[in-house]
Each structure stands twice: as structure tokens, then as C-alpha cells.
>>> print(open('work26.json').read())   # JSON, C-alpha atoms
[["chain", "number", "residue", "atom", "x", "y", "z"],
["A", 1, "MET", "CA", -183.09, -118.67, -151.09],
["A", 2, "GLY", "CA", -184.72, -118.18, -147.70],
["A", 3, "MET", "CA", -182.61, -116.36, -145.12],
["A", 4, "ASN", "CA", -179.57, -116.18, -147.36],
["A", 5, "GLU", "CA", -180.10, -112.75, -148.89],
["A", 6, "THR", "CA", -176.59, -112.14, -150.18],
["A", 7, "LYS", "CA", -176.01, -115.66, -151.59],
["A", 8, "ASN", "CA", -172.29, -115.11, -150.89],
["A", 9, "VAL", "CA", -170.19, -117.85, -149.28],
["A", 10, "LEU", "CA", -166.63, -117.27, -148.09],
["A", 11, "LEU", "CA", -164.83, -120.62, -148.42],
["A", 12, "ALA", "CA", -161.56, -121.17, -146.59],
["A", 13, "GLY", "CA", -159.81, -124.05, -148.33],
["A", 14, "ALA", "CA", -161.36, -123.49, -151.75],
["A", 15, "SER", "CA", -158.23, -124.66, -153.59],
["A", 16, "GLY", "CA", -158.22, -128.09, -151.92],
["A", 17, "VAL", "CA", -159.82, -131.22, -153.32],
["A", 18, "LEU", "CA", -162.82, -130.97, -151.01],
["A", 19, "GLY", "CA", -162.96, -127.21, -151.58],
["A", 20, "ARG", "CA", -163.38, -127.71, -155.30],
["A", 21, "HIS", "CA", -166.31, -130.06, -154.73],
["A", 22, "ILE", "CA", -167.87, -127.61, -152.26],
["A", 23, "THR", "CA", -167.49, -124.78, -154.79],
["A", 24, "GLU", "CA", -169.14, -126.87, -157.49],
["A", 25, "ALA", "CA", -172.09, -127.79, -155.26],
["A", 26, "LEU", "CA", -172.61, -124.25, -154.01],
["A", 27, "THR", "CA", -172.34, -122.73, -157.49],
["A", 28, "ARG", "CA", -174.83, -125.25, -158.81],
["A", 29, "ASP", "CA", -177.24, -124.13, -156.08],
["A", 30, "GLY", "CA", -176.89, -120.47, -157.08],
["A", 31, "TYR", "CA", -174.37, -119.19, -154.53],
["A", 32, "THR", "CA", -171.40, -116.96, -155.26],
["A", 33, "VAL", "CA", -168.27, -118.52, -153.75],
["A", 34, "LEU", "CA", -165.37, -116.35, -152.63],
["A", 35, "GLY", "CA", -162.31, -118.51, -152.16],
["A", 36, "LEU", "CA", -160.11, -117.61, -149.19],
["A", 37, "GLY", "CA", -156.52, -118.78, -149.27],
["A", 38, "ARG", "CA", -152.84, -117.93, -149.50],
["A", 39, "GLY", "CA", -152.45, -118.62, -153.22],
["A", 40, "ALA", "CA", -152.42, -116.02, -155.97],
["A", 41, "GLY", "CA", -155.66, -117.40, -157.41],
["A", 42, "ALA", "CA", -157.70, -116.81, -154.23],
["A", 43, "ASP", "CA", -160.55, -114.29, -154.36],
["A", 44, "VAL", "CA", -159.62, -113.23, -150.83],
["A", 45, "ARG", "CA", -155.88, -113.70, -150.31],
["A", 46, "ALA", "CA", -154.99, -114.27, -146.67],
["A", 47, "ASP", "CA", -153.40, -116.75, -144.26],
["A", 48, "LEU", "CA", -155.70, -118.01, -141.48],
["A", 49, "MET", "CA", -152.71, -118.02, -139.13],
["A", 50, "ASP", "CA", -152.17, -114.27, -139.68],
["A", 51, "ARG", "CA", -155.01, -112.63, -137.75],
["A", 52, "ASP", "CA", -154.32, -109.03, -138.70],
["A", 53, "GLY", "CA", -153.71, -109.86, -142.35],
["A", 54, "LEU", "CA", -156.94, -111.87, -142.49],
["A", 55, "LEU", "CA", -159.01, -109.07, -140.99],
["A", 56, "ARG", "CA", -157.51, -106.59, -143.46],
["A", 57, "ALA", "CA", -158.27, -108.93, -146.35],
["A", 58, "VAL", "CA", -161.99, -109.22, -145.50],
["A", 59, "GLU", "CA", -162.49, -105.54, -144.69],
["A", 60, "GLY", "CA", -165.53, -104.22, -146.53],
["A", 61, "LEU", "CA", -166.88, -107.66, -147.45],
["A", 62, "HIS", "CA", -170.46, -108.65, -146.65],
["A", 63, "VAL", "CA", -170.90, -112.43, -146.54],
["A", 64, "ASP", "CA", -173.81, -114.56, -145.36],
["A", 65, "THR", "CA", -172.01, -117.86, -144.78],
["A", 66, "VAL", "CA", -168.42, -118.86, -144.03],
["A", 67, "VAL", "CA", -167.15, -122.41, -144.62],
["A", 68, "HIS", "CA", -164.00, -123.60, -142.85],
["A", 69, "ALA", "CA", -162.55, -126.43, -144.95],
["A", 70, "ALA", "CA", -158.92, -125.32, -144.78],
["A", 71, "THR", "CA", -156.14, -127.79, -144.11],
["A", 72, "ALA", "CA", -152.37, -127.62, -144.51],
["A", 73, "LEU", "CA", -152.20, -130.98, -146.30],
["A", 74, "ARG", "CA", -150.69, -131.25, -149.76],
["A", 75, "ARG", "CA", -150.56, -135.06, -149.73],
["A", 76, "PRO", "CA", -152.04, -137.80, -147.54],
["A", 77, "PRO", "CA", -150.51, -137.68, -144.03],
["A", 78, "MET", "CA", -148.22, -140.58, -143.19],
["A", 79, "ARG", "CA", -146.68, -139.53, -139.85],
["A", 80, "HIS", "CA", -148.26, -137.63, -136.98],
["A", 81, "LYS", "CA", -146.09, -134.58, -137.68],
["A", 82, "ASP", "CA", -147.71, -134.34, -141.13],
["A", 83, "MET", "CA", -150.92, -133.34, -139.32],
["A", 84, "PHE", "CA", -149.41, -130.74, -136.98],
["A", 85, "ALA", "CA", -149.85, -127.71, -139.29],
["A", 86, "THR", "CA", -153.49, -128.72, -139.84],
["A", 87, "ASP", "CA", -153.92, -129.10, -136.07],
["A", 88, "ASP", "CA", -152.64, -125.51, -135.72],
["A", 89, "LEU", "CA", -155.11, -124.31, -138.35],
["A", 90, "ARG", "CA", -157.92, -125.91, -136.36],
["A", 91, "LEU", "CA", -156.76, -124.35, -133.11],
["A", 92, "THR", "CA", -155.49, -120.89, -133.99],
["A", 93, "GLY", "CA", -156.79, -120.44, -137.53],
["A", 94, "THR", "CA", -160.39, -121.17, -136.52],
["A", 95, "ALA", "CA", -160.31, -118.44, -133.86],
["A", 96, "HIS", "CA", -159.05, -115.96, -136.44],
["A", 97, "LEU", "CA", -161.65, -117.07, -139.00],
["A", 98, "MET", "CA", -164.45, -116.59, -136.48],
["A", 99, "GLU", "CA", -163.28, -113.01, -135.94],
["A", 100, "ALA", "CA", -163.36, -112.53, -139.70],
["A", 101, "ALA", "CA", -166.85, -114.07, -139.87],
["A", 102, "ARG", "CA", -168.11, -111.53, -137.36],
["A", 103, "ALA", "CA", -166.39, -108.74, -139.31],
["A", 104, "VAL", "CA", -168.20, -109.64, -142.55],
["A", 105, "GLY", "CA", -171.56, -110.02, -140.79],
["A", 106, "ALA", "CA", -171.86, -113.76, -141.37],
["A", 107, "ARG", "CA", -175.07, -115.44, -140.26],
["A", 108, "ARG", "CA", -173.70, -118.98, -140.34],
["A", 109, "VAL", "CA", -170.33, -120.80, -140.21],
["A", 110, "ILE", "CA", -169.94, -124.41, -141.36],
["A", 111, "ALA", "CA", -167.02, -126.48, -140.10],
["A", 112, "GLU", "CA", -165.43, -129.38, -141.92],
["A", 113, "SER", "CA", -164.91, -131.90, -139.13],
["A", 114, "MET", "CA", -164.03, -135.61, -139.02],
["A", 115, "VAL", "CA", -165.46, -138.82, -137.64],
["A", 116, "PHE", "CA", -162.02, -139.43, -136.11],
["A", 117, "GLY", "CA", -163.03, -136.88, -133.48],
["A", 118, "TYR", "CA", -164.80, -139.82, -131.86],
["A", 119, "GLY", "CA", -161.38, -141.36, -131.38],
["A", 120, "TYR", "CA", -158.81, -143.40, -133.31],
["A", 121, "ARG", "CA", -159.71, -146.70, -131.67],
["A", 122, "ASP", "CA", -161.70, -149.92, -131.95],
["A", 123, "PHE", "CA", -165.40, -149.30, -131.24],
["A", 124, "GLY", "CA", -166.38, -152.90, -131.97],
["A", 125, "ASP", "CA", -169.95, -153.29, -133.18],
["A", 126, "HIS", "CA", -171.15, -150.08, -131.52],
["A", 127, "VAL", "CA", -172.78, -147.72, -134.03],
["A", 128, "ILE", "CA", -171.59, -144.16, -133.42],
["A", 129, "THR", "CA", -174.10, -141.32, -133.45],
["A", 130, "GLU", "CA", -173.61, -137.62, -132.85],
["A", 131, "ASP", "CA", -174.42, -138.26, -129.18],
["A", 132, "THR", "CA", -171.30, -140.41, -128.79],
["A", 133, "ASP", "CA", -168.67, -138.74, -126.61],
["A", 134, "LEU", "CA", -166.03, -136.88, -128.58],
["A", 135, "PHE", "CA", -162.32, -136.52, -128.12],
["A", 136, "GLY", "CA", -161.79, -139.00, -125.28],
["A", 137, "PRO", "CA", -158.21, -139.49, -124.01],
["A", 138, "VAL", "CA", -156.20, -142.13, -125.85],
["A", 139, "GLY", "CA", -152.85, -142.00, -124.07],
["A", 140, "ASP", "CA", -150.88, -140.98, -127.17],
["A", 141, "PRO", "CA", -149.65, -137.32, -127.11],
["A", 142, "ALA", "CA", -149.56, -137.05, -130.90],
["A", 143, "VAL", "CA", -153.12, -138.34, -131.27],
["A", 144, "GLU", "CA", -154.26, -136.13, -128.38],
["A", 145, "ARG", "CA", -152.92, -133.15, -130.37],
["A", 146, "HIS", "CA", -155.08, -134.07, -133.37],
["A", 147, "LEU", "CA", -158.15, -134.56, -131.18],
["A", 148, "GLU", "CA", -157.60, -131.24, -129.43],
["A", 149, "GLY", "CA", -157.52, -129.47, -132.80],
["A", 150, "MET", "CA", -160.82, -131.06, -133.84],
["A", 151, "ARG", "CA", -162.41, -130.38, -130.45],
["A", 152, "VAL", "CA", -161.44, -126.69, -130.38],
["A", 153, "LYS", "CA", -162.49, -126.13, -133.98],
["A", 154, "GLU", "CA", -165.98, -127.47, -133.26],
["A", 155, "GLN", "CA", -166.28, -125.65, -129.94],
["A", 156, "LEU", "CA", -165.34, -122.29, -131.43],
["A", 157, "ILE", "CA", -167.85, -122.65, -134.25],
["A", 158, "LEU", "CA", -170.73, -124.42, -132.52],
["A", 159, "GLY", "CA", -170.46, -122.39, -129.33],
["A", 160, "ASP", "CA", -170.51, -118.86, -130.80],
["A", 161, "ARG", "CA", -173.45, -116.87, -129.43],
["A", 162, "ASP", "CA", -173.83, -114.55, -132.42],
["A", 163, "ILE", "CA", -173.33, -116.91, -135.35],
["A", 164, "GLU", "CA", -175.12, -120.14, -136.30],
["A", 165, "GLY", "CA", -172.52, -122.89, -136.28],
["A", 166, "ILE", "CA", -172.81, -126.33, -137.89],
["A", 167, "ALA", "CA", -170.17, -129.09, -137.92],
["A", 168, "LEU", "CA", -170.10, -131.79, -140.59],
["A", 169, "ARG", "CA", -168.19, -134.86, -139.43],
["A", 170, "PHE", "CA", -166.98, -136.50, -142.62],
["A", 171, "GLY", "CA", -165.83, -140.04, -143.16],
["A", 172, "LEU", "CA", -162.71, -140.85, -145.18],
["A", 173, "PHE", "CA", -162.78, -139.13, -148.55],
["A", 174, "TYR", "CA", -162.58, -140.77, -151.94],
["A", 175, "GLY", "CA", -163.76, -139.86, -155.43],
["A", 176, "ALA", "CA", -162.79, -137.46, -158.20],
["A", 177, "GLY", "CA", -159.62, -135.61, -157.29],
["A", 178, "ALA", "CA", -158.48, -138.21, -154.76],
["A", 179, "THR", "CA", -159.00, -141.74, -156.07],
["A", 180, "GLU", "CA", -156.92, -141.05, -159.20],
["A", 181, "THR", "CA", -153.80, -140.85, -157.04],
["A", 182, "LEU", "CA", -154.47, -144.28, -155.54],
["A", 183, "VAL", "CA", -155.19, -145.73, -158.99],
["A", 184, "GLY", "CA", -151.83, -144.44, -160.22],
["A", 185, "MET", "CA", -150.05, -146.01, -157.25],
["A", 186, "LEU", "CA", -151.83, -149.33, -157.82],
["A", 187, "ARG", "CA", -150.83, -149.35, -161.47],
["A", 188, "LYS", "CA", -147.20, -148.98, -160.34],
["A", 189, "ARG", "CA", -147.71, -151.62, -157.62],
["A", 190, "GLN", "CA", -146.92, -149.02, -154.95],
["A", 191, "ALA", "CA", -150.05, -149.40, -152.80],
["A", 192, "PRO", "CA", -150.49, -152.54, -150.68],
["A", 193, "ALA", "CA", -153.77, -153.53, -149.06],
["A", 194, "VAL", "CA", -153.51, -153.74, -145.28],
["A", 195, "ALA", "CA", -155.17, -156.79, -143.69],
["A", 196, "ASP", "CA", -158.34, -155.44, -142.01],
["A", 197, "HIS", "CA", -159.12, -158.42, -139.73],
["A", 198, "GLY", "CA", -162.79, -157.40, -139.70],
["A", 199, "ARG", "CA", -162.14, -153.72, -138.99],
["A", 200, "VAL", "CA", -164.21, -151.19, -140.95],
["A", 201, "LEU", "CA", -164.17, -147.42, -141.45],
["A", 202, "PRO", "CA", -166.78, -144.89, -142.61],
["A", 203, "TRP", "CA", -166.33, -143.36, -146.08],
["A", 204, "VAL", "CA", -167.87, -140.53, -148.07],
["A", 205, "GLU", "CA", -167.55, -139.68, -151.74],
["A", 206, "LEU", "CA", -166.19, -136.16, -152.27],
["A", 207, "ALA", "CA", -169.08, -134.92, -154.41],
["A", 208, "ASP", "CA", -171.51, -136.08, -151.71],
["A", 209, "ALA", "CA", -169.42, -134.23, -149.12],
["A", 210, "GLY", "CA", -169.59, -131.03, -151.15],
["A", 211, "ARG", "CA", -173.35, -131.43, -151.48],
["A", 212, "ALA", "CA", -173.66, -131.79, -147.69],
["A", 213, "VAL", "CA", -171.95, -128.42, -147.23],
["A", 214, "ALA", "CA", -174.33, -126.79, -149.70],
["A", 215, "LEU", "CA", -177.33, -128.22, -147.84],
["A", 216, "ALA", "CA", -175.93, -126.96, -144.52],
["A", 217, "VAL", "CA", -175.92, -123.35, -145.73],
["A", 218, "GLU", "CA", -179.69, -123.26, -145.21],
["A", 219, "GLY", "CA", -180.52, -126.58, -143.54],
["A", 220, "GLY", "CA", -179.75, -128.11, -140.20],
["A", 221, "ARG", "CA", -179.95, -126.65, -136.71],
["A", 222, "ALA", "CA", -177.48, -124.14, -135.33],
["A", 223, "GLY", "CA", -175.10, -125.61, -132.77],
["A", 224, "GLU", "CA", -175.48, -129.15, -134.11],
["A", 225, "ALA", "CA", -173.09, -131.66, -135.69],
["A", 226, "TYR", "CA", -173.97, -134.13, -138.44],
["A", 227, "ASN", "CA", -172.17, -137.32, -139.51],
["A", 228, "ILE", "CA", -171.64, -137.36, -143.29],
["A", 229, "VAL", "CA", -170.86, -140.96, -144.25],
["A", 230, "ASP", "CA", -172.19, -143.48, -146.74],
["A", 231, "GLU", "CA", -174.22, -146.57, -145.89],
["A", 232, "THR", "CA", -171.50, -149.21, -146.11],
["A", 233, "PRO", "CA", -168.45, -149.12, -143.83],
["A", 234, "MET", "CA", -165.42, -150.77, -145.38],
["A", 235, "GLY", "CA", -161.95, -151.65, -144.14],
["A", 236, "PHE", "CA", -159.03, -149.62, -145.45],
["A", 237, "GLY", "CA", -157.51, -152.65, -147.13],
["A", 238, "GLU", "CA", -160.84, -153.63, -148.67],
["A", 239, "HIS", "CA", -161.19, -150.11, -150.06],
["A", 240, "VAL", "CA", -157.81, -150.39, -151.76],
["A", 241, "LYS", "CA", -158.84, -153.76, -153.22],
["A", 242, "ALA", "CA", -162.15, -152.28, -154.40],
["A", 243, "VAL", "CA", -160.36, -149.47, -156.25],
["A", 244, "ALA", "CA", -158.06, -152.01, -157.90],
["A", 245, "GLY", "CA", -160.99, -154.18, -158.94],
["A", 246, "VAL", "CA", -163.11, -151.36, -160.36],
["A", 247, "PHE", "CA", -160.26, -149.66, -162.25],
["A", 248, "GLY", "CA", -158.63, -152.87, -163.43],
["A", 249, "THR", "CA", -155.20, -152.34, -161.89],
["A", 250, "PRO", "CA", -152.87, -155.13, -160.75],
["A", 251, "LYS", "CA", -154.18, -156.80, -157.60],
["A", 252, "PRO", "CA", -152.48, -155.26, -154.55],
["A", 253, "MET", "CA", -150.46, -157.37, -152.15],
["A", 254, "THR", "CA", -152.12, -157.87, -148.74],
["A", 255, "VAL", "CA", -149.72, -156.98, -145.91],
["A", 256, "PRO", "CA", -149.94, -157.19, -142.10],
["A", 257, "THR", "CA", -150.76, -153.99, -140.22],
["A", 258, "TRP", "CA", -147.42, -154.00, -138.38],
["A", 259, "LEU", "CA", -145.74, -153.08, -141.66],
["A", 260, "MET", "CA", -147.44, -149.67, -141.32],
["A", 261, "ARG", "CA", -145.73, -148.88, -138.00],
["A", 262, "PRO", "CA", -143.01, -146.76, -139.68],
["A", 263, "PHE", "CA", -145.94, -144.54, -140.74],
["A", 264, "PRO", "CA", -147.64, -144.04, -137.35],
["A", 265, "TYR", "CA", -150.51, -141.83, -138.49],
["A", 266, "VAL", "CA", -151.50, -144.31, -141.20],
["A", 267, "HIS", "CA", -151.08, -147.17, -138.74],
["A", 268, "ARG", "CA", -153.47, -145.43, -136.33],
["A", 269, "VAL", "CA", -156.06, -144.97, -139.07],
["A", 270, "VAL", "CA", -155.94, -148.50, -140.48],
["A", 271, "THR", "CA", -156.20, -150.06, -137.02],
["A", 272, "THR", "CA", -159.28, -147.97, -136.13],
["A", 273, "ASN", "CA", -162.62, -149.78, -136.26],
["A", 274, "MET", "CA", -165.80, -147.69, -136.37],
["A", 275, "ARG", "CA", -169.33, -147.83, -137.68],
["A", 276, "VAL", "CA", -171.02, -144.42, -137.94],
["A", 277, "SER", "CA", -174.71, -143.57, -138.38],
["A", 278, "ASN", "CA", -175.84, -140.97, -140.93],
["A", 279, "ALA", "CA", -179.47, -140.97, -139.76],
["A", 280, "LYS", "CA", -179.31, -137.46, -138.30],
["A", 281, "ALA", "CA", -177.95, -135.98, -141.55],
["A", 282, "LYS", "CA", -180.75, -137.66, -143.49],
["A", 283, "ALA", "CA", -183.43, -136.31, -141.16],
["A", 284, "GLY", "CA", -181.96, -132.91, -140.34],
["A", 285, "LEU", "CA", -180.16, -131.90, -143.54],
["A", 286, "GLY", "CA", -182.05, -133.89, -146.14],
["A", 287, "TRP", "CA", -178.72, -135.41, -147.19],
["A", 288, "THR", "CA", -178.32, -138.94, -148.50],
["A", 289, "PRO", "CA", -175.29, -140.45, -150.25],
["A", 290, "SER", "CA", -175.61, -140.80, -154.02],
["A", 291, "HIS", "CA", -174.53, -144.43, -153.76],
["A", 292, "PRO", "CA", -174.83, -146.84, -150.81],
["A", 293, "GLY", "CA", -171.11, -147.56, -150.65],
["A", 294, "CYS", "CA", -167.67, -147.26, -152.18],
["A", 295, "VAL", "CA", -168.00, -150.02, -154.77],
["A", 296, "GLU", "CA", -171.07, -148.48, -156.41],
["A", 297, "ALA", "CA", -169.66, -144.95, -156.29],
["A", 298, "LEU", "CA", -166.26, -146.07, -157.66],
["A", 299, "SER", "CA", -168.00, -147.90, -160.49],
["A", 300, "ALA", "CA", -169.89, -144.73, -161.39],
["A", 301, "LEU", "CA", -166.65, -142.74, -161.27],
["A", 302, "ALA", "CA", -164.85, -145.25, -163.50],
["A", 303, "GLY", "CA", -167.76, -145.17, -165.96],
["A", 304, "ALA", "CA", -167.64, -141.39, -166.11]]
>>> encode(input="work26.json", output="C-alpha cells")
Amino acid sequence: MGMNETKNVLLAGASGVLGRHITEALTRDGYTVLGLGRGAGADVRADLMDRDGLLRAVEGLHVDTVVHAATALRRPPMRHKDMFATDDLRLTGTAHLMEAARAVGARRVIAESMVFGYGYRDFGDHVITEDTDLFGPVGDPAVERHLEGMRVKEQLILGDRDIEGIALRFGLFYGAGATETLVGMLRKRQAPAVADHGRVLPWVELADAGRAVALAVEGGRAGEAYNIVDETPMGFGEHVKAVAGVFGTPKPMTVPTWLMRPFPYVHRVVTTNMRVSNAKAKAGLGWTPSHPGCVEALSALAGA
């Protein structure tokens, strides 16, 4: 187990879809996962926004690694305001969690981050690496708020002098625990496919994302960020069509992007165009996606 003597991991966000995949990957690798959350089923019951309550909750614990995968999302965000509570968790909650990490003697903290930290915009054919500038101004106050939350979360974790920080910048999630919702909507003809017009986005299957977190407990370099995306970028509309094709649902209607304007957060996502490299994660974490792209991974999921 190397430097991880306690084999304990404190996981903020354990009850979420990603959290369940992280727990499964860590448990499979021999770690004991302590779930941190507000719900009655949490091993450590606390609210990241309540500093004093959080510090009381972790008093007496000894933990090697802390994972910050907490969000305030109960359903996919449609409007910018749907992200505001998660923005607050990234800003204020991360500061509180870092205090808690120091209190439990943590050696390492791993941050769930996002490729959208590079910006919700059209990058053309440029392939984004971890050296690409983060969080550039976009002229939209709501988007700036999201970017500020991602920027501060990474800075607080990667910049701590006493704790090894690693940020994992995930693509869009799909897979067990998430794709089923889209399949249900497609069966009811409730999910259109937005016209991509050549735009693509990076994706990552949830089980692969959980495995990346497990690898980052021991692997990777402190203070570094790693892009966790599969090999095949795919437009949002094409992803919806791929899910329909693999799971045999009715074919979704293709609609113009302007129809998404009543849902401004979704509109911002589906009009983003980015290609992201995973080469650093392969070399530095030993992580590779289980399947090259969404179609292959969805087919495996449907077969299972």
C-alpha cells in the first residue's frame, strides 16, 4: 500500500452517482471509505458549509486521504442558478474541508474538477492539455461564477503547503447511475438531440472516473492536475443519438441549439466545442479508459 498506512479515505460526496463509483473502486483496491455527507446514512455526518459542525464531526478521526467530490446537484443542471449551490460548495465548502483534512492528519486531498474550467467556449481544433490556461474571462457573470468556483477549489487544494493536492479534471459523465435516466427520457420521447454542427465534447464513463480517483490516492504528483477523458470526443447531440441506438429507444428528434436558450446552462454546454488530451493521466497516473469512446462503453453497459 506504499505511503498509505491507514488505508482510510474520507469521501465528501459519497452518496452521489460519482461517489458510489469512487467508493466501489477504492473498496476494490483495499481502502476503507468513510462517507462524509449530510444524510443519515453518512459515516461522518456533516455539512461542508458548516465549518464548526464539520470540524466537530471529524474530531478524533485519523485519515490518510480526503476526496472532495461533493456537489449540491440532485438532477442535471438546466439553468445557471441550478449550479449556484455547487459553486458555493467549491468556494466555501472546500476551504472548510481543507481545515478538516488538516485536523485528521491527511497526507493527500483529491479534488473532483471539470474540463469546463478551461472555459465554456469554442476551442476549434486546438487540443487542450493541462498547460492550457484555466478560467479565462468569458463576459457572462453567471459563467464567471461557475469558473470562479472551479478555480478556487483547485487553488485551495493544489496550493496547500502541508498536504499533497491533486485535481482530476473530468469530462462529461455517463454510465451506470446516469445513462439510465437518459434512456428513460428517450423511451418517453422527452430527450431531443441538439444539432452539434461539428462541435464535440470530452466524455468519461463513471466507472473509469472512479478508478482514476483510486489511482490518484497513491499515484500522480502533488500539486498537479490531470484530464480524465476518453479517447473519442463526441457532440452532445451525437451522444444522445448513440444512447438511443445502443439501447433501442425511439430515435430522438434533432433540434436547433437556439431551442435550448430557455435553459441557459444547457445551452452553454451544448454550444461548447473542446478536444481534451488524456496523455498526462496515462503517463502520470497509469490511467486509461476501459473503452475508447462512448459507443463502445454504452454497448458494454447495455450488454451487462
>>> atom_distance(input="work26.json", atom1="CA of Thr23 in chain A", atom2="CA of Gly184 in chain A")
25.7 Å
>>> closest_residue(input="work26.json", among="A:Glu231, A:Asp47, A:Glu99, A:Asp162", to="Thr71 in chain A", atoms="all atoms listed in the file")
A:Asp47
>>> closest_residue(input="work26.json", among="A:His21, A:His126, A:His80, A:Arg121", to="Gly139 in chain A", atoms="all atoms listed in the file")
A:Arg121
>>> atom_distance(input="work26.json", atom1="CA of Phe236 in chain A", atom2="CA of Val67 in chain A")
28.4 Å
>>> atom_distance(input="work26.json", atom1="CA of Pro264 in chain A", atom2="CA of Tyr120 in chain A")
11.9 Å
>>> residues_around(input="work26.json", residues="Leu10 in chain A", least_positions_apart="4", cutoff="7 Å", atoms="all atoms listed in the file", output="ChimeraX atom specification")
/A:33-36,63,65-67
>>> closest_residue(input="work26.json", among="A:Asp64, A:Asp133, A:Asp29, A:Glu24", to="Leu215 in chain A", atoms="all atoms listed in the file")
A:Asp29
>>> closest_residue(input="work26.json", among="A:Met98, A:Ala209, A:Ala176, A:Val270", to="Glu112 in chain A", atoms="only C-alpha atoms")
A:Ala209
>>> closest_residue(input="work26.json", among="A:Ser113, A:Asn8, A:Thr132, A:Thr179", to="Lys153 in chain A", atoms="all atoms listed in the file")
A:Ser113
